[in-house]
Amino acid sequence: MPGSQMRREMAEQPEVLARLLSSRIPVDVQRPAGVIIVARGSSDHAAVYGRYLLELATRRPVALAAPSLFTRYGAQTDASGWLVVGVSQSGRTPEIVDVVERLRATGGRAIAITNDEGSPLAEAAETVIGLGAGTEQAVPATKTFSAQMAAFAALAAALGDVPWAEGDLARVPDAVAGVLADGDGIATLAERWAEIHQLVVTARGWLFSAALETALKVRETALVSAQGFSVADFLHGPIAAVDPGAPVLALRADGPAAADVDEAVAALTERGADLQLLPPVDGLPEALAPIAASVRGQQLALELALRKGLDPDAPRGLNKVTITR
């Protein structure tokens with residue numbers, strides 16, 4: 001049945017997250033000079049979330065690596081004293097492994113976040129945070145993606161102060177289970193948007209990573225030209241292309257960035273956009289809400305694909321592991 005694997009793997013997320021977040025993160029690192037995160041694809045969106053978390057926790061700059069600088073242009077970056085975090089669900093993307101190895105060779109301390117603890121990426125790192133998600137057969141990453149976000153949250157908590165209270169991490173699995181049990185609103189939205197060909201997904205702050213990932217999931221599974229934007233960037237220009245009736249999904253959580261999202265919502269409403277606010281995630285602080293919000297994005301991608309007569313388990317022209325060098 002189309003989408004059965006994706007739906008089954010989505011349903012496994014509370015158990016995967018509970019197991020991961022109850023485990024000790026094997027990190028013994030002094031406060032680094034900075035952090036470099038190396039990732040591609042949906043892992044890059046988890047890395048955006050990690051960037052926010054790790055910069056707050058370590059009080060040091062955090063950068064997202066540009067792999068082609070190393071693999072195509074021969075960059076000789078000195079990572080002495082820096083923490084290098086390689087992120088790959090399979091751990092088998094050659095360029096991610098290559099960049100981690102190069103940065104470690106110049107003095108970086110390498111951590112791998114991967115679902116395969118015997119992968120080349122794991123072998124290239126000194127420390128491995130295994131996702132423990134089990135085999136993921138559907139092409140769209142669901143349980144491995146939310147586990148990557150949770151791994152970043154646990155890593156940040158191990159490295160410094162985090163913007164949530166003790167015990168909040170343990171509430172994430174139940175919050176995700178609540179999202180999975182509450183799919184009627186998303187199904188109704190998918191029915192309304194069954195004929196769309198374009199979609200804007202926008203957010204700011206912590207939820208920006210979930211907006212990027214939601215757009216990717218909709219793009220790859222439902223073949224809708226979906227784009228994720230920071231609200232700040234969106235208001236600086238792209239909003240000009242929004243015509244009356246254009247579908248827009250906004251992600252919002254209570255917190256410092258909420259007023260910015262509200263401003264965008266008002267501007268989009270004035271333009272006559274077909275605007276939908278993603279249902280809020282109850283029971284989580286703003287900094288942990290993206291983990292559950294990304295699951296709502298998975299629900300939308302799955303339901304849209306099915307209504308378009310597509311199989312979200314095997315999107316057109318995609319493979320489970322993309323080999324880039």
# chains A, B, ... in the order shown; residues from 1 in each chain; ligands from 1

$ closest_atom_pairs --of "region 106-157 of chain A" --to "region 199-223 of chain A" --cutoff "10 Å" --atoms "only C-alpha atoms" --output "tab-separated table"
residue	atom	partner	partner_atom	distance
A:Val139	CA	A:Thr221	CA	9.0
A:Pro140	CA	A:Lys217	CA	7.0
A:Ala141	CA	A:Lys217	CA	8.5
A:Thr142	CA	A:Lys217	CA	9.2
A:Phe145	CA	A:Glu213	CA	9.1
A:Ser146	CA	A:Ala210	CA	9.9
A:Met149	CA	A:Ser209	CA	9.6

$ select_by_dssp --residues "region 19-139 of chain A" --states "strand (DSSP E)" --output "list in words"
Val35, Ile36, Ile37, Val38, Val62, Ala63, Leu64, Leu83, Val84, Val85, Gly86, Val87, Ser88, Arg109, Ala110, Ile111, Ala112, Ile113, Thr114, Thr127, Val128, Ile129 and Gly130 of chain A

$ closest_residue --among "A:Ala181, A:Ile291, A:Val231, A:Leu306" --to "Ala259 (chain A)" --atoms "only C-alpha atoms"
A:Val231

$ closest_residue --among "A:Lys143, A:Arg316, A:Arg59, A:Arg92" --to "Val176 (chain A)" --atoms "only C-alpha atoms"
A:Lys143

$ residues_around --residues "Ile129 (chain A)" --least-positions-apart "4" --cutoff "10 Å" --atoms "only C-alpha atoms" --output "list in words"
Leu20, Ser23, Arg24, Ile25, Pro26, Val27, Val87, Ile111, Ala112, Ile113, Thr114, Asn115, Asp116, Glu117, Ala122, Gln148, Ala151, Phe152, Ala154 and Leu155 of chain A

$ select_by_dssp --residues "region 68-293 of chain A" --states "helix (DSSP H, G or I)" --output "MDAnalysis selection string"
chainID A and resid 68:71 94:105 120:124 143:159 169:180 184:192 205:222 231:235 238:241 258:271 289:293

$ closest_residue --among "A:Ala253, A:Val35, A:Ala267, A:Ala258" --to "Ala240 (chain A)" --atoms "only C-alpha atoms"
A:Ala267

$ atom_distance --atom1 "CA of Val162 (chain A)" --atom2 "CA of Leu17 (chain A)"
18.4 Å

$ closest_residue --among "A:Gly160, A:Gly272, A:Gly41, A:Pro238" --to "Asp28 (chain A)" --atoms "only C-alpha atoms"
A:Gly160
